[in-house]
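For reference, query-v1.txt (compact mmCIF, C-alpha atoms):
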```
# COMPACT_ATOMS: atom_id res chain seq x y z
CA MET A 1 4.79 24.69 -45.43
CA MET A 2 2.29 22.18 -46.77
CA PRO A 3 -1.04 23.79 -47.72
CA SER A 4 -4.34 22.37 -46.54
CA LEU A 5 -7.18 21.51 -48.88
CA PHE A 6 -10.93 21.35 -49.03
CA LEU A 7 -12.04 18.88 -51.68
CA SER A 8 -15.50 17.86 -52.79
CA HIS A 9 -15.85 14.10 -53.02
CA GLY A 10 -18.99 14.02 -55.20
CA THR A 11 -20.58 10.60 -55.56
CA PRO A 12 -18.84 7.25 -55.09
CA LEU A 13 -18.57 7.07 -58.88
CA LEU A 14 -15.92 9.80 -58.75
CA ALA A 15 -13.33 7.10 -58.04
CA LEU A 16 -14.00 5.64 -61.51
CA GLU A 17 -14.65 8.78 -63.50
CA LYS A 18 -12.41 10.68 -65.90
CA ASN A 19 -13.55 14.28 -65.96
CA SER A 20 -12.13 17.76 -65.48
CA TYR A 21 -12.15 17.40 -61.70
CA THR A 22 -10.40 14.04 -61.50
CA LEU A 23 -7.88 15.29 -64.07
CA PHE A 24 -7.29 18.36 -61.92
CA LEU A 25 -6.72 16.22 -58.81
CA LYS A 26 -4.11 14.10 -60.57
CA GLU A 27 -2.31 17.09 -62.09
CA TYR A 28 -2.38 19.12 -58.88
CA MET A 29 -0.70 16.32 -56.96
CA GLN A 30 2.16 16.45 -59.45
CA THR A 31 2.82 20.08 -58.48
CA MET A 32 2.97 19.37 -54.75
CA LYS A 33 5.75 18.02 -52.62
CA LYS A 34 4.84 14.53 -51.49
CA PRO A 35 3.38 14.70 -47.98
CA ALA A 36 4.99 12.91 -45.09
CA ALA A 37 1.47 11.98 -43.93
CA ILE A 38 -2.18 12.78 -44.63
CA VAL A 39 -4.93 13.76 -42.20
CA ILE A 40 -8.37 13.57 -43.81
CA LEU A 41 -11.68 14.63 -42.27
CA SER A 42 -14.61 13.07 -44.09
CA ALA A 43 -18.25 14.13 -43.99
CA HIS A 44 -19.13 10.43 -44.03
CA TRP A 45 -17.68 9.75 -40.60
CA GLU A 46 -20.12 11.45 -38.25
CA ASN A 47 -19.76 11.05 -34.51
CA GLU A 48 -20.71 13.18 -31.54
CA ASP A 49 -17.29 12.50 -30.03
CA GLN A 50 -14.17 13.46 -31.93
CA MET A 51 -12.79 10.20 -33.28
CA ILE A 52 -9.31 9.71 -34.70
CA SER A 53 -8.26 6.58 -36.53
CA ALA A 54 -5.41 4.58 -35.03
CA VAL A 55 -5.13 1.60 -37.34
CA GLY A 56 -2.02 -0.20 -38.49
CA LYS A 57 -3.26 -0.59 -42.06
CA HIS A 58 -6.46 0.83 -43.52
CA GLU A 59 -9.36 -1.19 -44.81
CA VAL A 60 -12.24 0.48 -46.66
CA ILE A 61 -15.98 0.53 -46.18
CA TYR A 62 -18.40 0.69 -49.13
CA ASP A 63 -20.93 2.98 -47.50
CA PHE A 64 -23.33 2.91 -50.46
CA ALA A 65 -25.22 0.48 -52.70
CA GLY A 66 -26.45 0.22 -56.26
CA PHE A 67 -23.21 1.11 -58.02
CA PRO A 68 -21.16 -0.85 -60.60
CA GLU A 69 -19.31 -3.89 -59.31
CA GLU A 70 -16.00 -2.32 -60.32
CA ILE A 71 -16.22 0.23 -57.52
CA PHE A 72 -16.46 -2.52 -54.91
CA GLN A 73 -13.05 -3.79 -56.00
CA ILE A 74 -11.26 -0.59 -54.94
CA THR A 75 -9.12 -0.83 -51.83
CA TYR A 76 -6.80 1.65 -50.16
CA PRO A 77 -4.34 -0.17 -47.90
CA ALA A 78 -2.43 2.86 -46.66
CA ARG A 79 -0.64 2.59 -43.33
CA GLY A 80 -1.86 4.45 -40.30
CA CYS A 81 0.42 6.48 -38.04
CA LEU A 82 -0.18 6.07 -34.32
CA GLU A 83 2.32 8.79 -33.47
CA LEU A 84 0.36 11.27 -35.58
CA SER A 85 -2.95 10.10 -34.09
CA ASP A 86 -1.60 10.71 -30.60
CA ARG A 87 -0.33 14.13 -31.58
CA ILE A 88 -3.76 15.09 -32.88
CA LEU A 89 -5.26 14.07 -29.54
CA THR A 90 -2.84 16.42 -27.78
CA LEU A 91 -3.51 19.33 -30.15
CA LEU A 92 -7.28 19.00 -29.76
CA SER A 93 -7.05 18.82 -25.98
CA LYS A 94 -5.58 22.33 -26.02
CA ILE A 95 -8.91 23.66 -27.32
CA ASP A 96 -10.97 21.48 -24.96
CA VAL A 97 -11.95 18.98 -27.63
CA LEU A 98 -11.52 15.52 -26.15
CA GLY A 99 -10.66 13.03 -28.85
CA GLU A 100 -10.79 9.27 -28.82
CA LEU A 101 -8.70 6.80 -30.83
CA ASP A 102 -10.51 4.28 -33.02
CA GLU A 103 -8.44 1.18 -33.80
CA ARG A 104 -10.95 -0.34 -36.24
CA ARG A 105 -12.53 2.38 -38.36
CA PRO A 106 -12.18 1.72 -42.13
CA LEU A 107 -11.84 4.56 -44.62
CA ASP A 108 -15.22 5.62 -46.04
CA HIS A 109 -15.69 6.74 -49.64
CA GLY A 110 -15.32 10.40 -48.66
CA ALA A 111 -11.72 9.50 -47.83
CA TRP A 112 -10.66 6.63 -50.10
CA GLY A 113 -12.58 7.99 -53.09
CA LEU A 114 -10.31 11.03 -53.22
CA LEU A 115 -7.10 9.36 -52.06
CA HIS A 116 -7.46 6.60 -54.66
CA ILE A 117 -7.33 9.31 -57.34
CA MET A 118 -4.69 11.54 -55.75
CA TYR A 119 -2.23 8.98 -54.40
CA PRO A 120 -3.12 5.65 -56.00
CA GLU A 121 0.01 3.94 -54.63
CA ALA A 122 -1.46 4.23 -51.10
CA ASP A 123 2.07 4.68 -49.79
CA ILE A 124 1.54 7.71 -47.53
CA PRO A 125 0.66 7.19 -43.83
CA THR A 126 -2.93 8.33 -43.34
CA VAL A 127 -5.05 9.28 -40.34
CA SER A 128 -8.78 9.87 -40.71
CA MET A 129 -10.91 11.99 -38.40
CA SER A 130 -14.64 12.17 -37.78
CA ILE A 131 -16.95 15.16 -38.03
CA SER A 132 -19.20 16.21 -35.15
CA PRO A 133 -22.18 18.01 -36.75
CA SER A 134 -23.44 19.32 -33.39
CA LEU A 135 -20.40 21.54 -32.81
CA PRO A 136 -20.92 25.18 -33.87
CA LEU A 137 -18.97 26.33 -36.90
CA ASP A 138 -16.70 28.60 -34.90
CA LYS A 139 -15.57 25.54 -32.91
CA GLN A 140 -15.05 23.59 -36.13
CA TYR A 141 -12.80 26.43 -37.27
CA GLU A 142 -10.85 26.11 -34.01
CA ILE A 143 -10.27 22.43 -34.77
CA GLY A 144 -8.67 23.48 -38.04
CA LYS A 145 -6.52 26.04 -36.22
CA ALA A 146 -5.41 23.38 -33.75
CA LEU A 147 -4.34 21.08 -36.59
CA ARG A 148 -2.46 23.83 -38.40
CA GLU A 149 0.94 23.11 -36.87
CA LEU A 150 0.92 19.65 -38.46
CA LYS A 151 1.51 21.40 -41.78
CA GLU A 152 4.93 22.48 -40.55
CA ASN A 153 5.89 18.79 -40.57
CA ASN A 154 4.77 18.24 -44.16
CA VAL A 155 1.37 16.80 -43.17
CA LEU A 156 -1.38 17.35 -45.74
CA ILE A 157 -4.74 18.20 -44.14
CA ILE A 158 -7.78 17.47 -46.32
CA GLY A 159 -11.36 18.36 -45.53
CA SER A 160 -13.59 16.12 -47.67
CA GLY A 161 -17.19 17.17 -48.20
CA GLY A 162 -19.25 19.26 -50.62
CA ILE A 163 -20.32 22.89 -50.80
CA VAL A 164 -23.47 22.22 -52.83
CA HIS A 165 -24.33 18.66 -51.91
CA ASN A 166 -28.01 17.72 -51.95
CA PHE A 167 -28.78 14.36 -53.48
CA THR A 168 -32.53 15.00 -53.43
CA HIS A 169 -31.99 17.80 -55.99
CA ILE A 170 -29.57 16.22 -58.45
CA GLN A 171 -30.64 15.96 -62.09
CA GLU A 172 -28.94 12.92 -63.57
CA ASP A 173 -29.36 13.96 -67.20
CA MET A 174 -28.55 17.66 -66.78
CA ASN A 175 -25.15 18.73 -68.11
CA VAL A 176 -25.34 22.40 -67.12
CA ALA A 177 -25.33 23.89 -63.63
CA GLU A 178 -28.52 25.31 -62.15
CA GLY A 179 -28.48 28.99 -61.24
CA TRP A 180 -29.23 28.55 -57.54
CA ALA A 181 -26.25 26.21 -57.09
CA ILE A 182 -23.92 28.64 -58.85
CA GLU A 183 -25.24 31.52 -56.74
CA PHE A 184 -24.55 29.70 -53.48
CA GLU A 185 -21.06 28.67 -54.59
CA ASN A 186 -20.30 32.25 -55.63
CA TRP A 187 -21.49 33.55 -52.26
CA VAL A 188 -19.22 31.11 -50.43
CA GLU A 189 -16.30 32.05 -52.69
CA GLU A 190 -16.76 35.76 -51.94
CA LYS A 191 -16.82 35.18 -48.17
CA ILE A 192 -13.78 32.90 -48.23
CA MET A 193 -11.73 35.33 -50.30
CA LYS A 194 -12.60 38.12 -47.85
CA TRP A 195 -12.00 35.72 -44.92
CA ASP A 196 -15.42 36.78 -43.68
CA LEU A 197 -15.88 34.24 -40.91
CA GLN A 198 -18.91 35.93 -39.39
CA SER A 199 -20.86 35.49 -42.62
CA LEU A 200 -19.67 31.95 -43.25
CA PHE A 201 -20.58 30.88 -39.72
CA ASN A 202 -24.05 32.37 -40.28
CA TYR A 203 -24.51 31.04 -43.83
CA GLU A 204 -27.78 29.28 -42.95
CA ASN A 205 -29.49 32.61 -42.33
CA ILE A 206 -27.91 34.91 -44.90
CA ALA A 207 -26.61 32.91 -47.87
CA PRO A 208 -28.83 32.52 -50.94
CA TYR A 209 -30.33 29.04 -51.32
CA SER A 210 -28.54 27.77 -48.22
CA THR A 211 -31.25 25.21 -47.45
CA GLU A 212 -31.11 23.77 -50.96
CA ALA A 213 -27.31 23.73 -51.07
CA VAL A 214 -26.64 22.48 -47.54
CA PRO A 215 -29.57 20.39 -46.31
CA SER A 216 -27.37 19.16 -43.44
CA LYS A 217 -24.06 20.53 -42.18
CA GLU A 218 -21.79 17.50 -42.29
CA HIS A 219 -20.62 18.16 -45.86
CA PHE A 220 -20.03 21.89 -45.22
CA ILE A 221 -18.06 21.44 -41.99
CA PRO A 222 -14.88 20.06 -43.65
CA LEU A 223 -14.59 23.34 -45.57
CA VAL A 224 -14.62 25.33 -42.31
CA ILE A 225 -12.03 23.05 -40.69
CA ALA A 226 -9.73 23.24 -43.71
CA MET A 227 -10.08 27.02 -43.71
CA GLY A 228 -9.27 27.14 -40.00
CA SER A 229 -5.98 25.36 -40.67
CA GLY A 230 -5.03 28.34 -42.83
CA ASP A 231 -5.81 30.94 -40.18
CA ASP A 232 -2.22 32.17 -39.78
CA ASN A 233 -1.86 33.40 -43.35
CA LYS A 234 -5.53 33.75 -44.31
CA LYS A 235 -4.70 33.11 -47.96
CA ALA A 236 -7.15 31.08 -50.01
CA ALA A 237 -7.13 29.97 -53.63
CA LEU A 238 -10.03 28.46 -55.56
CA LEU A 239 -8.29 25.72 -57.53
CA HIS A 240 -11.21 24.12 -59.34
CA ARG A 241 -14.98 24.29 -59.66
CA SER A 242 -17.26 22.24 -61.83
CA PHE A 243 -20.74 20.75 -61.48
CA GLN A 244 -22.32 17.37 -62.07
CA TYR A 245 -25.98 16.40 -62.31
CA GLY A 246 -27.16 20.00 -62.50
CA ASN A 247 -26.12 21.12 -59.04
CA LEU A 248 -23.60 18.79 -57.36
CA SER A 249 -20.48 20.93 -57.05
CA LEU A 250 -16.96 19.59 -57.36
CA THR A 251 -14.87 22.28 -55.72
CA ALA A 252 -11.26 22.45 -54.56
CA TRP A 253 -9.88 25.12 -52.22
CA GLU A 254 -6.31 25.57 -51.08
CA PHE A 255 -5.45 27.32 -47.81
CA GLU A 256 -1.85 28.34 -47.08
```
Could you render the structure as structure tokens?
Amino acid sequence: MMPSLFLSHGTPLLALEKNSYTLFLKEYMQTMKKPAAIVILSAHWENEDQMISAVGKHEVIYDFAGFPEEIFQITYPARGCLELSDRILTLLSKIDVLGELDERRPLDHGAWGLLHIMYPEADIPTVSMSISPSLPLDKQYEIGKALRELKENNVLIIGSGGIVHNFTHIQEDMNVAEGWAIEFENWVEEKIMKWDLQSLFNYENIAPYSTEAVPSKEHFIPLVIAMGSGDDNKKAALLHRSFQYGNLSLTAWEFE
């Protein structure tokens, strides 16, 4: 069965960078069977309603400014898959999450930034999904559980966000990780490896430096959804962790 992944997407510059994380992403893809399709949930598509892309061919949105011109030349013209979009609607309805198809939504950089590195040929049908920050984390986990059966059909589920992701705290010239960021990442790692959902769902109140690491939930939610899609086996593997700018974590988790 295809695993599911949580992947940090860092800054938009990640799509141009050559570092240990981008090297990992490229090498890891070489070890995996090629997916029949990809479902990606990006922290940069926030909506109160659960939206599911239903496009014929993806365009991209440059949801940022002030970056090198080269990054604005990147496209990701992957096909959509209406059959898969419809199936997701059905799966979510079983947990009383009413989805809605979006026939126009472009891929944001939380989606294309990673996919451009992982599958540069853009030849795998792709469906993107929004994040609803107002849903409690236990319900986000249920969304992951509902999507789980897609993995049986060789569909790769990717949650794209960031565990320590606070742009007001980044230190552009710092090449080592700050202690508070490491401590929060280590706390999350311990809870995932123990599959301690109660603690993870209550991270705001009990995790060290939770406010600094997660100033808003939208980048943390994709981790919970990806973990939910591994609920049957409850097996997690930390594949990569590095830091940029002092505290921006680049983390990859695999859930069987």
List as a ChimeraX atom specification the protein and nucleic acid residues near range 6-10 of chain A, meaning an atom at most 6 Å away when all atoms listed in the file are counted, but skip any in the same chain fewer than 4 places from it.
/A:110,158-162,223,226,250-253
Of A:Lys217, A:His169, A:Lys34, A:Lys194, the one nearest to Pro136 in chain A when counting all atoms listed in the file is A:Lys217
With 3 Å on each side, where is the centre of the axis-aligned box around all listed atoms of range 23-40 of chain A, and how long are its edges in Å to one decimal, as lines of an AutoDock Vina configuration file?
```
center_x = -1.3
center_y = 16.0
center_z = -53.1
size_x = 20.1
size_y = 14.1
size_z = 27.9
```
Enumerate, in order of chain and increasing residue number, the residues of range 6-67 of chain A with an atom no farther than 12 Å from range 88-92 of chain A, each with its shortest atom pair and distance in Å to one decimal, counting all atoms listed in the file, as a Markdown table.
```
| residue | atom | partner | partner_atom | distance |
| --- | --- | --- | --- | --- |
| A:Val39 | CA | A:Ile88 | CA | 9.5 |
| A:Ile40 | CA | A:Ile88 | CA | 12.0 |
| A:Asp49 | CA | A:Leu92 | CA | 11.9 |
| A:Gln50 | CA | A:Leu92 | CA | 9.1 |
| A:Met51 | CA | A:Leu89 | CA | 9.3 |
| A:Ile52 | CA | A:Leu89 | CA | 7.9 |
| A:Ser53 | CA | A:Ile88 | CA | 10.3 |
| A:Ala54 | CA | A:Ile88 | CA | 10.9 |
```
Rounded to one decimal place, report the CA of Ser199 in chain A-CA of Ser93 in chain A distance in Å.
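So the two atoms, CA of Ser199 in chain A and CA of Ser93 in chain A, lie 27.3 Å apart.
Using only C-alpha atoms for every distance, the candidate list A:Glu17, A:Glu70, A:Glu254, A:Asp108 yields A:Glu254 as the residue closest to Met193 in chain A.
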By how many Å are CA of Met1 in chain A and CA of Ile124 in chain A apart?
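Pair CA of Met1 in chain A / CA of Ile124 in chain A returns 17.4 Å.
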What does the distance from CA of Ser132 in chain A to CA of Glu218 in chain A come to in Å, to one decimal?
7.7 Å
Which residues come within 7 Å of Pro3 in chain A, counting only C-alpha atoms, excluding same-chain residues fewer than 2 positions away, as a VMD selection string?
chain A and resid 1 5 151 156 254 to 256
Using only C-alpha atoms, which of the listed residues (A:Leu197, A:Val155, A:Leu98, A:Val224) sits closest to Pro125 in chain A?
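Checking each candidate against Pro125 in chain A, we get A:Val155 as the closest.
Candidate residues A:Arg104, A:His116, A:His44, A:His165 were compared for distance to Ala78 in chain A, and the nearest is A:His116, using only C-alpha atoms.
Proximity to Ile170 in chain A at 7 Å, evaluated using all atoms listed in the file and with sequence-adjacent residues fewer than 3 positions away removed, yields Asn166, Phe167, Tyr245, Gly246, Asn247 and Leu248 of chain A.
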Got a sec: who's within 10 Å of Ile182 in chain A, counting all atoms listed in the file, leaving out chain neighbours fewer than 2 positions off, as a ChimeraX atom specification?
/A:164,177-180,184-188,209,213,241-243,246-249
Using only C-alpha atoms, find the one residue out of A:Glu27, A:Glu212, A:Glu204, A:Glu69 that sits nearest to Leu137 in chain A.
A:Glu204
Nearest residue to Glu172 in chain A from the set A:Glu46, A:Gln244, A:Ile61, A:Asp123 (distances using all atoms listed in the file):
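Checking each candidate against Glu172 in chain A, we get A:Gln244 as the closest.
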Within 10 Å of Thr75 in chain A using all atoms listed in the file, minus same-chain residues under 4 positions, as number ranges by chain
A: 58-62, 71, 107, 112-113, 116, 120, 122
Fill-in result for range 88-111 of chain A, N, CA and C atoms as a PDB file, in the coordinates of the input:
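For reference, part-v8.pdb as written:
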```pdb
ATOM      1  N   ILE A  88      -2.480  14.418 -32.647  1.00  0.00           N
ATOM      2  CA  ILE A  88      -3.760  15.090 -32.880  1.00  0.00           C
ATOM      3  C   ILE A  88      -4.568  15.156 -31.590  1.00  0.00           C
ATOM      4  N   LEU A  89      -4.579  14.068 -30.839  1.00  0.00           N
ATOM      5  CA  LEU A  89      -5.260  14.070 -29.540  1.00  0.00           C
ATOM      6  C   LEU A  89      -4.757  15.209 -28.663  1.00  0.00           C
ATOM      7  N   THR A  90      -3.438  15.378 -28.620  1.00  0.00           N
ATOM      8  CA  THR A  90      -2.840  16.420 -27.780  1.00  0.00           C
ATOM      9  C   THR A  90      -3.230  17.804 -28.276  1.00  0.00           C
ATOM     10  N   LEU A  91      -3.170  18.016 -29.589  1.00  0.00           N
ATOM     11  CA  LEU A  91      -3.510  19.330 -30.150  1.00  0.00           C
ATOM     12  C   LEU A  91      -4.971  19.690 -29.864  1.00  0.00           C
ATOM     13  N   LEU A  92      -5.866  18.724 -29.985  1.00  0.00           N
ATOM     14  CA  LEU A  92      -7.280  19.000 -29.760  1.00  0.00           C
ATOM     15  C   LEU A  92      -7.571  19.259 -28.281  1.00  0.00           C
ATOM     16  N   SER A  93      -6.824  18.616 -27.414  1.00  0.00           N
ATOM     17  CA  SER A  93      -7.050  18.820 -25.980  1.00  0.00           C
ATOM     18  C   SER A  93      -6.774  20.262 -25.578  1.00  0.00           C
ATOM     19  N   LYS A  94      -5.911  20.933 -26.330  1.00  0.00           N
ATOM     20  CA  LYS A  94      -5.580  22.330 -26.020  1.00  0.00           C
ATOM     21  C   LYS A  94      -6.743  23.268 -26.272  1.00  0.00           C
ATOM     22  N   ILE A  95      -7.721  22.829 -27.077  1.00  0.00           N
ATOM     23  CA  ILE A  95      -8.910  23.660 -27.320  1.00  0.00           C
ATOM     24  C   ILE A  95     -10.143  23.007 -26.686  1.00  0.00           C
ATOM     25  N   ASP A  96      -9.894  22.144 -25.712  1.00  0.00           N
ATOM     26  CA  ASP A  96     -10.970  21.480 -24.960  1.00  0.00           C
ATOM     27  C   ASP A  96     -11.858  20.604 -25.835  1.00  0.00           C
ATOM     28  N   VAL A  97     -11.266  20.007 -26.841  1.00  0.00           N
ATOM     29  CA  VAL A  97     -11.950  18.980 -27.630  1.00  0.00           C
ATOM     30  C   VAL A  97     -11.310  17.646 -27.270  1.00  0.00           C
ATOM     31  N   LEU A  98     -12.051  16.799 -26.605  1.00  0.00           N
ATOM     32  CA  LEU A  98     -11.520  15.520 -26.150  1.00  0.00           C
ATOM     33  C   LEU A  98     -11.711  14.478 -27.241  1.00  0.00           C
ATOM     34  N   GLY A  99     -10.612  14.034 -27.801  1.00  0.00           N
ATOM     35  CA  GLY A  99     -10.660  13.030 -28.850  1.00  0.00           C
ATOM     36  C   GLY A  99     -10.568  11.624 -28.299  1.00  0.00           C
ATOM     37  N   GLU A 100     -10.855  10.682 -29.194  1.00  0.00           N
ATOM     38  CA  GLU A 100     -10.790   9.270 -28.820  1.00  0.00           C
ATOM     39  C   GLU A 100     -10.225   8.505 -30.014  1.00  0.00           C
ATOM     40  N   LEU A 101      -9.287   7.595 -29.756  1.00  0.00           N
ATOM     41  CA  LEU A 101      -8.700   6.800 -30.830  1.00  0.00           C
ATOM     42  C   LEU A 101      -9.625   5.645 -31.194  1.00  0.00           C
ATOM     43  N   ASP A 102      -9.706   5.386 -32.498  1.00  0.00           N
ATOM     44  CA  ASP A 102     -10.510   4.280 -33.020  1.00  0.00           C
ATOM     45  C   ASP A 102      -9.566   3.335 -33.765  1.00  0.00           C
ATOM     46  N   GLU A 103      -9.400   2.132 -33.249  1.00  0.00           N
ATOM     47  CA  GLU A 103      -8.440   1.180 -33.800  1.00  0.00           C
ATOM     48  C   GLU A 103      -9.033   0.298 -34.888  1.00  0.00           C
ATOM     49  N   ARG A 104     -10.289   0.560 -35.287  1.00  0.00           N
ATOM     50  CA  ARG A 104     -10.950  -0.340 -36.240  1.00  0.00           C
ATOM     51  C   ARG A 104     -11.571   0.366 -37.429  1.00  0.00           C
ATOM     52  N   ARG A 105     -11.756   1.658 -37.354  1.00  0.00           N
ATOM     53  CA  ARG A 105     -12.530   2.380 -38.360  1.00  0.00           C
ATOM     54  C   ARG A 105     -11.911   2.257 -39.767  1.00  0.00           C
ATOM     55  N   PRO A 106     -12.667   1.722 -40.748  1.00  0.00           N
ATOM     56  CA  PRO A 106     -12.180   1.720 -42.130  1.00  0.00           C
ATOM     57  C   PRO A 106     -12.323   3.118 -42.751  1.00  0.00           C
ATOM     58  N   LEU A 107     -11.659   3.332 -43.860  1.00  0.00           N
ATOM     59  CA  LEU A 107     -11.840   4.560 -44.620  1.00  0.00           C
ATOM     60  C   LEU A 107     -13.165   4.491 -45.376  1.00  0.00           C
ATOM     61  N   ASP A 108     -13.980   5.546 -45.278  1.00  0.00           N
ATOM     62  CA  ASP A 108     -15.220   5.620 -46.040  1.00  0.00           C
ATOM     63  C   ASP A 108     -14.939   6.256 -47.402  1.00  0.00           C
ATOM     64  N   HIS A 109     -15.956   6.295 -48.267  1.00  0.00           N
ATOM     65  CA  HIS A 109     -15.690   6.740 -49.640  1.00  0.00           C
ATOM     66  C   HIS A 109     -15.367   8.239 -49.713  1.00  0.00           C
ATOM     67  N   GLY A 110     -15.739   9.004 -48.686  1.00  0.00           N
ATOM     68  CA  GLY A 110     -15.320  10.400 -48.660  1.00  0.00           C
ATOM     69  C   GLY A 110     -13.822  10.548 -48.508  1.00  0.00           C
ATOM     70  N   ALA A 111     -13.178   9.510 -47.977  1.00  0.00           N
ATOM     71  CA  ALA A 111     -11.720   9.500 -47.830  1.00  0.00           C
ATOM     72  C   ALA A 111     -11.052   8.726 -48.958  1.00  0.00           C
TER      73      ALA A 111
END
```
